[in-house]
Amino acid sequence: MRFTLSQEQLDFAASIDACLTDTGPKGLAELGVPALLVPERFDGLGAEPIDLVVAFDQLGYHAVPGPWVDTVAVLPALLDDEILAGVAAGETLASIVYRPHVPYALDADNAEAKLFVDGDDLRTFTAGRLLSSVDKARRLFEAEPGEVIGKAADAARAFELGALATTAQLLGLGRWLLDNSVAYAKQRKQYGREIGQYQAIKHLLADVVTRLELAKPLLYAAALSLRPRDVSAAKVAVADAAYSAARTGLQVHGAIGYTAEHPLGARLTKARALITAWGTQGFHRTRVLESL
């Protein structure tokens, strides 16, 4: 079992990073990100979950908003019809409700595909009241389920892919928090020295590096097996590491981390939102415990 990425996957990650840095999410369709898990018969790439992890790590690093998990990771596992061709082309967005773990619909007002997973049944839903979210970039709506429209192709796999993609986003988010905390520690001075020269700051940042690096192989292993136990173990470890990166980032930056103009604040709230998305820490810890 490999726990490192191939050169092709590293190049794919670098292309996404360059795209998001230079032009934003508009170029992701040309790189094939929406088409990753769509079968080739619907003009998709038929890629593996590890490729999904590579892409969502970068989406998390750049804090890309929108229902990417629902559209790219979850929908192809729920459906087997022509609507996936629209996903592959980057023209169709999905909003998925998967209770109890995903109780509200993300960006339901912009989604062409609105699906409510009810066991193995699929229903449409009507978007209701817009709710407030700790992450202002996540627009959540209440959802009222409608008539059954068919059976889910594989509802269980869809959930694991949703949790896996969210975990990859958290890893990327943690990396951004670490990179920017290190950069700030090298320029911010107190008592005539950069704060990064103080042992207390070095230890905080080194702890974050260790947590992220130890969590990364669990994420890759979960992508290879997609077993519930492995996905939950990765979600717990990566979410803990990302939370540590967020706390440390705030300590290193001080009060500037709270300012609306600084991007750190948006990342802190996004970390809080993603940690509980597609299964809380309690749910995933319980799944690991019950599998032992």
# chains A, B, ... in the order shown; residues from 1 in each chain; ligands from 1

$ residues_around --residues "Arg157 in chain A" --least-positions-apart "4" --cutoff "8 Å" --atoms "only C-alpha atoms" --output "list in words"
Ala77, Leu161 and Leu226 of chain A

$ residues_around --residues "Ala111 in chain A" --least-positions-apart "5" --cutoff "6 Å" --atoms "only C-alpha atoms" --output "ChimeraX atom specification"
/A:93-95

$ select_by_dssp --residues "range 170-237 of chain A" --states "alpha helix (DSSP H)" --output "PyMOL selection string"
chain A and resi 170-187+199-225+228-237

$ closest_residue --among "A:His253, A:Arg123, A:Lys26, A:Arg188" --to "Lys151 in chain A" --atoms "only C-alpha atoms"
A:Arg123

$ closest_residue --among "A:Gly257, A:Gly196, A:Gly32, A:Pro217" --to "Cys19 in chain A" --atoms "only C-alpha atoms"
A:Gly32

$ residues_around --residues "Phe141 in chain A" --least-positions-apart "4" --cutoff "6 Å" --atoms "only C-alpha atoms" --output "PDB file with all heavy atoms, in the first residue's frame"
ATOM      1  N   TYR A 104     -28.647  20.102   6.521  1.00  0.00           N
ATOM      2  CA  TYR A 104     -29.055  21.289   5.767  1.00  0.00           C
ATOM      3  C   TYR A 104     -28.428  21.279   4.375  1.00  0.00           C
ATOM      4  O   TYR A 104     -27.400  20.647   4.141  1.00  0.00           O
ATOM      5  CB  TYR A 104     -28.646  22.551   6.531  1.00  0.00           C
ATOM      6  CG  TYR A 104     -29.219  22.604   7.916  1.00  0.00           C
ATOM      7  CD1 TYR A 104     -28.389  22.626   9.035  1.00  0.00           C
ATOM      8  CD2 TYR A 104     -30.600  22.600   8.112  1.00  0.00           C
ATOM      9  CE1 TYR A 104     -28.924  22.642  10.317  1.00  0.00           C
ATOM     10  CE2 TYR A 104     -31.132  22.617   9.391  1.00  0.00           C
ATOM     11  CZ  TYR A 104     -30.292  22.635  10.492  1.00  0.00           C
ATOM     12  OH  TYR A 104     -30.825  22.632  11.750  1.00  0.00           O
ATOM     13  N   ALA A 105     -29.059  22.015   3.468  1.00  0.00           N
ATOM     14  CA  ALA A 105     -28.649  22.024   2.062  1.00  0.00           C
ATOM     15  C   ALA A 105     -27.719  23.202   1.799  1.00  0.00           C
ATOM     16  O   ALA A 105     -28.074  24.357   2.057  1.00  0.00           O
ATOM     17  CB  ALA A 105     -29.879  22.112   1.168  1.00  0.00           C
ATOM     18  N   GLY A 128     -35.879  25.745   1.850  1.00  0.00           N
ATOM     19  CA  GLY A 128     -36.647  26.643   2.696  1.00  0.00           C
ATOM     20  C   GLY A 128     -35.841  27.834   3.166  1.00  0.00           C
ATOM     21  O   GLY A 128     -35.109  28.460   2.384  1.00  0.00           O
ATOM     22  N   ARG A 129     -35.918  28.107   4.440  1.00  0.00           N
ATOM     23  CA  ARG A 129     -35.313  29.302   5.028  1.00  0.00           C
ATOM     24  C   ARG A 129     -33.782  29.253   4.973  1.00  0.00           C
ATOM     25  O   ARG A 129     -33.178  28.201   5.190  1.00  0.00           O
ATOM     26  CB  ARG A 129     -35.773  29.407   6.488  1.00  0.00           C
ATOM     27  CG  ARG A 129     -35.321  30.652   7.233  1.00  0.00           C
ATOM     28  CD  ARG A 129     -36.093  30.752   8.541  1.00  0.00           C
ATOM     29  NE  ARG A 129     -35.935  29.562   9.352  1.00  0.00           N
ATOM     30  CZ  ARG A 129     -35.067  29.447  10.367  1.00  0.00           C
ATOM     31  NH1 ARG A 129     -34.304  30.467  10.685  1.00  0.00           N
ATOM     32  NH2 ARG A 129     -34.993  28.336  11.060  1.00  0.00           N
ATOM     33  N   LEU A 130     -33.190  30.390   4.637  1.00  0.00           N
ATOM     34  CA  LEU A 130     -31.734  30.514   4.686  1.00  0.00           C
ATOM     35  C   LEU A 130     -31.304  30.631   6.142  1.00  0.00           C
ATOM     36  O   LEU A 130     -31.807  31.465   6.895  1.00  0.00           O
ATOM     37  CB  LEU A 130     -31.270  31.751   3.908  1.00  0.00           C
ATOM     38  CG  LEU A 130     -29.777  32.077   3.958  1.00  0.00           C
ATOM     39  CD1 LEU A 130     -28.954  30.962   3.321  1.00  0.00           C
ATOM     40  CD2 LEU A 130     -29.489  33.410   3.267  1.00  0.00           C
ATOM     41  N   LEU A 131     -30.342  29.791   6.538  1.00  0.00           N
ATOM     42  CA  LEU A 131     -29.897  29.740   7.920  1.00  0.00           C
ATOM     43  C   LEU A 131     -28.569  30.468   8.067  1.00  0.00           C
ATOM     44  O   LEU A 131     -27.843  30.672   7.088  1.00  0.00           O
ATOM     45  CB  LEU A 131     -29.743  28.280   8.367  1.00  0.00           C
ATOM     46  CG  LEU A 131     -30.988  27.410   8.198  1.00  0.00           C
ATOM     47  CD1 LEU A 131     -30.640  25.945   8.447  1.00  0.00           C
ATOM     48  CD2 LEU A 131     -32.077  27.858   9.167  1.00  0.00           C
TER      49      LEU A 131
END

$ residues_around --residues "Ala246 in chain A" --least-positions-apart "2" --cutoff "12 Å" --atoms "only C-alpha atoms" --output "number ranges by chain"
A: 170-171, 173-181, 204-205, 208, 212, 239-244, 248-254, 257-258, 264-272, 275

$ closest_residue --among "A:His203, A:Asp135, A:Ala223, A:Leu214" --to "Asp51 in chain A" --atoms "only C-alpha atoms"
A:Ala223

$ residues_around --residues "Val231 in chain A" --least-positions-apart "6" --cutoff "9 Å" --atoms "only C-alpha atoms" --output "JSON, numbers by chain"
{"A": [160, 161, 163, 164, 167, 218, 219, 221, 222, 223, 225, 284]}

$ write_last_selection --atoms "all heavy atoms" --output "PDB file, in the first residue's frame"
ATOM      1  N   GLU A 160     -19.277   7.964   2.441  1.00  0.00           N
ATOM      2  CA  GLU A 160     -17.830   7.855   2.701  1.00  0.00           C
ATOM      3  C   GLU A 160     -17.055   8.848   1.836  1.00  0.00           C
ATOM      4  O   GLU A 160     -16.082   9.459   2.308  1.00  0.00           O
ATOM      5  CB  GLU A 160     -17.343   6.424   2.440  1.00  0.00           C
ATOM      6  CG  GLU A 160     -18.065   5.344   3.220  1.00  0.00           C
ATOM      7  CD  GLU A 160     -18.106   5.564   4.720  1.00  0.00           C
ATOM      8  OE1 GLU A 160     -17.212   6.235   5.253  1.00  0.00           O
ATOM      9  OE2 GLU A 160     -19.058   5.062   5.366  1.00  0.00           O
ATOM     10  N   LEU A 161     -17.469   9.016   0.601  1.00  0.00           N
ATOM     11  CA  LEU A 161     -16.772   9.965  -0.282  1.00  0.00           C
ATOM     12  C   LEU A 161     -16.975  11.403   0.190  1.00  0.00           C
ATOM     13  O   LEU A 161     -16.062  12.225   0.094  1.00  0.00           O
ATOM     14  CB  LEU A 161     -17.266   9.789  -1.719  1.00  0.00           C
ATOM     15  CG  LEU A 161     -16.785   8.516  -2.420  1.00  0.00           C
ATOM     16  CD1 LEU A 161     -17.560   8.289  -3.709  1.00  0.00           C
ATOM     17  CD2 LEU A 161     -15.283   8.600  -2.708  1.00  0.00           C
ATOM     18  N   ALA A 163     -17.420  12.352   3.332  1.00  0.00           N
ATOM     19  CA  ALA A 163     -16.559  12.523   4.515  1.00  0.00           C
ATOM     20  C   ALA A 163     -15.090  12.598   4.105  1.00  0.00           C
ATOM     21  O   ALA A 163     -14.313  13.389   4.667  1.00  0.00           O
ATOM     22  CB  ALA A 163     -16.784  11.369   5.486  1.00  0.00           C
ATOM     23  N   LEU A 164     -14.702  11.786   3.125  1.00  0.00           N
ATOM     24  CA  LEU A 164     -13.307  11.781   2.668  1.00  0.00           C
ATOM     25  C   LEU A 164     -12.922  13.125   2.053  1.00  0.00           C
ATOM     26  O   LEU A 164     -11.852  13.676   2.364  1.00  0.00           O
ATOM     27  CB  LEU A 164     -13.114  10.659   1.640  1.00  0.00           C
ATOM     28  CG  LEU A 164     -11.689  10.465   1.133  1.00  0.00           C
ATOM     29  CD1 LEU A 164     -10.836   9.755   2.185  1.00  0.00           C
ATOM     30  CD2 LEU A 164     -11.683   9.648  -0.164  1.00  0.00           C
ATOM     31  N   THR A 167     -12.554  15.736   4.646  1.00  0.00           N
ATOM     32  CA  THR A 167     -11.297  15.546   5.379  1.00  0.00           C
ATOM     33  C   THR A 167     -10.117  16.111   4.597  1.00  0.00           C
ATOM     34  O   THR A 167      -9.217  16.742   5.175  1.00  0.00           O
ATOM     35  CB  THR A 167     -11.083  14.049   5.654  1.00  0.00           C
ATOM     36  OG1 THR A 167     -12.220  13.526   6.358  1.00  0.00           O
ATOM     37  CG2 THR A 167      -9.835  13.820   6.484  1.00  0.00           C
ATOM     38  N   LEU A 218      -3.146   8.643   7.193  1.00  0.00           N
ATOM     39  CA  LEU A 218      -4.476   8.088   7.467  1.00  0.00           C
ATOM     40  C   LEU A 218      -5.467   8.491   6.375  1.00  0.00           C
ATOM     41  O   LEU A 218      -6.329   7.699   5.972  1.00  0.00           O
ATOM     42  CB  LEU A 218      -4.977   8.576   8.825  1.00  0.00           C
ATOM     43  CG  LEU A 218      -4.197   8.093  10.062  1.00  0.00           C
ATOM     44  CD1 LEU A 218      -4.789   8.702  11.323  1.00  0.00           C
ATOM     45  CD2 LEU A 218      -4.231   6.576  10.143  1.00  0.00           C
ATOM     46  N   LEU A 219      -5.342   9.710   5.896  1.00  0.00           N
ATOM     47  CA  LEU A 219      -6.219  10.179   4.820  1.00  0.00           C
ATOM     48  C   LEU A 219      -5.956   9.396   3.534  1.00  0.00           C
ATOM     49  O   LEU A 219      -6.889   8.957   2.856  1.00  0.00           O
ATOM     50  CB  LEU A 219      -6.002  11.674   4.595  1.00  0.00           C
ATOM     51  CG  LEU A 219      -6.765  12.310   3.434  1.00  0.00           C
ATOM     52  CD1 LEU A 219      -8.269  12.145   3.601  1.00  0.00           C
ATOM     53  CD2 LEU A 219      -6.405  13.791   3.303  1.00  0.00           C
ATOM     54  N   ALA A 221      -4.666   6.408   3.273  1.00  0.00           N
ATOM     55  CA  ALA A 221      -5.112   5.025   3.477  1.00  0.00           C
ATOM     56  C   ALA A 221      -6.621   4.923   3.337  1.00  0.00           C
ATOM     57  O   ALA A 221      -7.148   3.961   2.756  1.00  0.00           O
ATOM     58  CB  ALA A 221      -4.666   4.533   4.853  1.00  0.00           C
ATOM     59  N   ALA A 222      -7.332   5.911   3.871  1.00  0.00           N
ATOM     60  CA  ALA A 222      -8.790   5.910   3.759  1.00  0.00           C
ATOM     61  C   ALA A 222      -9.213   6.028   2.294  1.00  0.00           C
ATOM     62  O   ALA A 222     -10.199   5.404   1.874  1.00  0.00           O
ATOM     63  CB  ALA A 222      -9.378   7.053   4.569  1.00  0.00           C
ATOM     64  N   ALA A 223      -8.496   6.808   1.515  1.00  0.00           N
ATOM     65  CA  ALA A 223      -8.824   6.951   0.093  1.00  0.00           C
ATOM     66  C   ALA A 223      -8.616   5.633  -0.653  1.00  0.00           C
ATOM     67  O   ALA A 223      -9.356   5.316  -1.582  1.00  0.00           O
ATOM     68  CB  ALA A 223      -7.975   8.051  -0.535  1.00  0.00           C
ATOM     69  N   SER A 225      -8.784   2.487   0.699  1.00  0.00           N
ATOM     70  CA  SER A 225      -9.700   1.420   1.132  1.00  0.00           C
ATOM     71  C   SER A 225     -11.160   1.839   1.102  1.00  0.00           C
ATOM     72  O   SER A 225     -12.040   1.017   0.829  1.00  0.00           O
ATOM     73  CB  SER A 225      -9.332   0.973   2.546  1.00  0.00           C
ATOM     74  OG  SER A 225      -9.751   1.930   3.506  1.00  0.00           O
ATOM     75  N   HIS A 284     -17.663   9.953  14.281  1.00  0.00           N
ATOM     76  CA  HIS A 284     -16.541   9.231  13.666  1.00  0.00           C
ATOM     77  C   HIS A 284     -15.701   8.495  14.719  1.00  0.00           C
ATOM     78  O   HIS A 284     -15.210   7.388  14.458  1.00  0.00           O
ATOM     79  CB  HIS A 284     -15.688  10.199  12.855  1.00  0.00           C
ATOM     80  CG  HIS A 284     -16.340  10.616  11.564  1.00  0.00           C
ATOM     81  ND1 HIS A 284     -16.575   9.739  10.528  1.00  0.00           N
ATOM     82  CD2 HIS A 284     -16.847  11.806  11.159  1.00  0.00           C
ATOM     83  CE1 HIS A 284     -17.181  10.367   9.531  1.00  0.00           C
ATOM     84  NE2 HIS A 284     -17.351  11.626   9.894  1.00  0.00           N
TER      85      HIS A 284
END

$ residues_around --residues "Ser291 in chain A" --least-positions-apart "2" --cutoff "10 Å" --atoms "only C-alpha atoms" --output "ChimeraX atom specification"
/A:228-230,286-289

$ write_last_selection --atoms "N, CA, C and O atoms" --output "PDB file, in the first residue's frame"
ATOM      1  N   PRO A 228     -15.386   2.338   6.141  1.00  0.00           N
ATOM      2  CA  PRO A 228     -15.902   3.305   7.118  1.00  0.00           C
ATOM      3  C   PRO A 228     -14.939   3.569   8.271  1.00  0.00           C
ATOM      4  O   PRO A 228     -14.764   4.718   8.684  1.00  0.00           O
ATOM      5  N   ARG A 229     -14.322   2.511   8.795  1.00  0.00           N
ATOM      6  CA  ARG A 229     -13.391   2.701   9.911  1.00  0.00           C
ATOM      7  C   ARG A 229     -12.220   3.592   9.503  1.00  0.00           C
ATOM      8  O   ARG A 229     -11.812   4.486  10.258  1.00  0.00           O
ATOM      9  N   ASP A 230     -11.677   3.374   8.325  1.00  0.00           N
ATOM     10  CA  ASP A 230     -10.523   4.154   7.878  1.00  0.00           C
ATOM     11  C   ASP A 230     -10.907   5.605   7.604  1.00  0.00           C
ATOM     12  O   ASP A 230     -10.138   6.535   7.913  1.00  0.00           O
ATOM     13  N   THR A 286     -16.917   7.165  17.390  1.00  0.00           N
ATOM     14  CA  THR A 286     -17.726   5.994  17.740  1.00  0.00           C
ATOM     15  C   THR A 286     -17.598   4.903  16.686  1.00  0.00           C
ATOM     16  O   THR A 286     -17.500   3.708  17.014  1.00  0.00           O
ATOM     17  N   ARG A 287     -17.572   5.285  15.416  1.00  0.00           N
ATOM     18  CA  ARG A 287     -17.427   4.269  14.363  1.00  0.00           C
ATOM     19  C   ARG A 287     -16.093   3.544  14.472  1.00  0.00           C
ATOM     20  O   ARG A 287     -16.016   2.331  14.280  1.00  0.00           O
ATOM     21  N   VAL A 288     -15.030   4.299  14.800  1.00  0.00           N
ATOM     22  CA  VAL A 288     -13.722   3.654  14.966  1.00  0.00           C
ATOM     23  C   VAL A 288     -13.764   2.707  16.155  1.00  0.00           C
ATOM     24  O   VAL A 288     -13.298   1.552  16.088  1.00  0.00           O
ATOM     25  N   LEU A 289     -14.331   3.180  17.272  1.00  0.00           N
ATOM     26  CA  LEU A 289     -14.380   2.370  18.487  1.00  0.00           C
ATOM     27  C   LEU A 289     -15.168   1.085  18.252  1.00  0.00           C
ATOM     28  O   LEU A 289     -14.741  -0.002  18.661  1.00  0.00           O
TER      29      LEU A 289
END

$ select_by_dssp --residues "range 4-228 of chain A" --states "strand (DSSP E)" --output "mmCIF file with N, CA and C atoms, in the first residue's frame"
data_model
loop_
_atom_site.group_PDB
_atom_site.id
_atom_site.type_symbol
_atom_site.label_atom_id
_atom_site.label_comp_id
_atom_site.auth_asym_id
_atom_site.auth_seq_id
_atom_site.Cartn_x
_atom_site.Cartn_y
_atom_site.Cartn_z
ATOM 1 N N ALA A 94 -24.673 20.459 -7.436
ATOM 2 C CA ALA A 94 -25.585 19.648 -6.636
ATOM 3 C C ALA A 94 -25.602 20.125 -5.198
ATOM 4 N N SER A 95 -26.762 19.976 -4.575
ATOM 5 C CA SER A 95 -26.899 20.221 -3.149
ATOM 6 C C SER A 95 -27.528 18.966 -2.547
ATOM 7 N N ILE A 96 -26.829 18.349 -1.602
ATOM 8 C CA ILE A 96 -27.236 17.048 -1.066
ATOM 9 C C ILE A 96 -27.577 17.176 0.419
ATOM 10 N N VAL A 97 -28.711 16.608 0.808
ATOM 11 C CA VAL A 97 -29.062 16.483 2.220
ATOM 12 C C VAL A 97 -28.995 15.004 2.579
ATOM 13 N N ALA A 105 -29.059 22.015 3.468
ATOM 14 C CA ALA A 105 -28.649 22.024 2.062
ATOM 15 C C ALA A 105 -27.719 23.202 1.799
ATOM 16 N N LEU A 106 -26.554 22.889 1.259
ATOM 17 C CA LEU A 106 -25.549 23.911 0.969
ATOM 18 C C LEU A 106 -25.801 24.497 -0.425
ATOM 19 N N ALA A 113 -29.212 20.213 -9.224
ATOM 20 C CA ALA A 113 -29.615 18.906 -8.682
ATOM 21 C C ALA A 113 -29.760 19.031 -7.170
ATOM 22 N N LYS A 114 -30.980 18.867 -6.684
ATOM 23 C CA LYS A 114 -31.240 18.940 -5.236
ATOM 24 C C LYS A 114 -31.766 17.580 -4.797
ATOM 25 N N LEU A 115 -30.948 16.846 -4.037
ATOM 26 C CA LEU A 115 -31.285 15.480 -3.661
ATOM 27 C C LEU A 115 -31.294 15.304 -2.153
ATOM 28 N N PHE A 116 -32.279 14.548 -1.703
ATOM 29 C CA PHE A 116 -32.436 14.224 -0.286
ATOM 30 C C PHE A 116 -32.265 12.708 -0.162
ATOM 31 N N VAL A 117 -31.214 12.274 0.512
ATOM 32 C CA VAL A 117 -30.940 10.837 0.666
ATOM 33 C C VAL A 117 -31.741 10.322 1.855
ATOM 34 N N ASP A 118 -32.634 9.360 1.558
ATOM 35 C CA ASP A 118 -33.507 8.787 2.588
ATOM 36 C C ASP A 118 -33.290 7.284 2.586
ATOM 37 N N ASP A 121 -33.351 5.372 -0.721
ATOM 38 C CA ASP A 121 -34.216 6.137 -1.622
ATOM 39 C C ASP A 121 -33.642 7.534 -1.861
ATOM 40 N N LEU A 122 -33.948 8.045 -3.035
ATOM 41 C CA LEU A 122 -33.588 9.426 -3.355
ATOM 42 C C LEU A 122 -34.859 10.241 -3.529
ATOM 43 N N ARG A 123 -34.899 11.381 -2.911
ATOM 44 C CA ARG A 123 -36.001 12.314 -3.058
ATOM 45 C C ARG A 123 -35.449 13.654 -3.534
ATOM 46 N N THR A 124 -36.296 14.448 -4.142
ATOM 47 C CA THR A 124 -35.936 15.844 -4.349
ATOM 48 C C THR A 124 -36.275 16.578 -3.049
ATOM 49 N N PHE A 125 -35.899 17.824 -2.954
ATOM 50 C CA PHE A 125 -36.310 18.612 -1.787
ATOM 51 C C PHE A 125 -36.575 20.046 -2.204
ATOM 52 N N THR A 126 -37.353 20.698 -1.386
ATOM 53 C CA THR A 126 -37.628 22.116 -1.591
ATOM 54 C C THR A 126 -36.817 22.918 -0.595
ATOM 55 N N ALA A 127 -36.057 23.866 -1.100
ATOM 56 C CA ALA A 127 -35.228 24.684 -0.217
ATOM 57 C C ALA A 127 -36.096 25.661 0.556
ATOM 58 N N GLY A 128 -35.879 25.745 1.850
ATOM 59 C CA GLY A 128 -36.647 26.643 2.696
ATOM 60 C C GLY A 128 -35.841 27.834 3.166
ATOM 61 N N ARG A 129 -35.918 28.107 4.440
ATOM 62 C CA ARG A 129 -35.313 29.302 5.028
ATOM 63 C C ARG A 129 -33.782 29.253 4.973
ATOM 64 N N LEU A 130 -33.190 30.390 4.637
ATOM 65 C CA LEU A 130 -31.734 30.514 4.686
ATOM 66 C C LEU A 130 -31.304 30.631 6.142
ATOM 67 N N LEU A 131 -30.342 29.791 6.538
ATOM 68 C CA LEU A 131 -29.897 29.740 7.920
ATOM 69 C C LEU A 131 -28.569 30.468 8.067
ATOM 70 N N LEU A 140 -26.433 27.905 4.039
ATOM 71 C CA LEU A 140 -27.192 26.704 4.353
ATOM 72 C C LEU A 140 -28.693 26.998 4.341
ATOM 73 N N PHE A 141 -29.453 26.031 3.814
ATOM 74 C CA PHE A 141 -30.901 26.182 3.721
ATOM 75 C C PHE A 141 -31.587 24.994 4.393
ATOM 76 N N GLU A 142 -32.757 25.271 4.986
ATOM 77 C CA GLU A 142 -33.594 24.173 5.430
ATOM 78 C C GLU A 142 -34.079 23.415 4.193
ATOM 79 N N ALA A 143 -34.383 22.126 4.365
ATOM 80 C CA ALA A 143 -34.798 21.309 3.215
ATOM 81 C C ALA A 143 -36.043 20.509 3.575
ATOM 82 N N GLU A 144 -37.066 20.601 2.723
ATOM 83 C CA GLU A 144 -38.297 19.839 2.898
ATOM 84 C C GLU A 144 -38.328 18.739 1.845
ATOM 85 N N PRO A 145 -38.229 17.445 2.255
ATOM 86 C CA PRO A 145 -38.166 16.363 1.260
ATOM 87 C C PRO A 145 -39.466 16.219 0.484
ATOM 88 N N GLY A 146 -39.315 15.821 -0.808
ATOM 89 C CA GLY A 146 -40.471 15.608 -1.672
ATOM 90 C C GLY A 146 -40.665 14.141 -1.981
ATOM 91 N N GLU A 147 -41.210 13.854 -3.165
ATOM 92 C CA GLU A 147 -41.508 12.485 -3.561
ATOM 93 C C GLU A 147 -40.228 11.697 -3.838
ATOM 94 N N VAL A 148 -40.338 10.364 -3.653
ATOM 95 C CA VAL A 148 -39.225 9.490 -4.018
ATOM 96 C C VAL A 148 -39.085 9.480 -5.534
ATOM 97 N N ILE A 149 -37.855 9.676 -6.022
ATOM 98 C CA ILE A 149 -37.620 9.701 -7.470
ATOM 99 C C ILE A 149 -36.814 8.498 -7.940
ATOM 100 N N GLY A 150 -36.384 7.656 -7.014
ATOM 101 C CA GLY A 150 -35.618 6.476 -7.413
ATOM 102 C C GLY A 150 -34.729 5.990 -6.294
ATOM 103 N N LYS A 151 -33.912 5.010 -6.622
ATOM 104 C CA LYS A 151 -32.974 4.447 -5.660
ATOM 105 C C LYS A 151 -31.583 5.059 -5.852
ATOM 106 N N LYS A 189 7.837 41.304 14.797
ATOM 107 C CA LYS A 189 8.911 41.478 15.782
ATOM 108 C C LYS A 189 8.359 41.919 17.131
ATOM 109 N N GLN A 190 8.944 41.397 18.187
ATOM 110 C CA GLN A 190 8.693 41.864 19.547
ATOM 111 C C GLN A 190 10.029 41.878 20.286
ATOM 112 N N ARG A 193 13.189 41.241 18.122
ATOM 113 C CA ARG A 193 13.445 39.959 17.437
ATOM 114 C C ARG A 193 12.156 39.461 16.789
ATOM 115 N N GLU A 194 12.288 38.709 15.669
ATOM 116 C CA GLU A 194 11.121 38.059 15.084
ATOM 117 C C GLU A 194 10.568 37.062 16.099
#
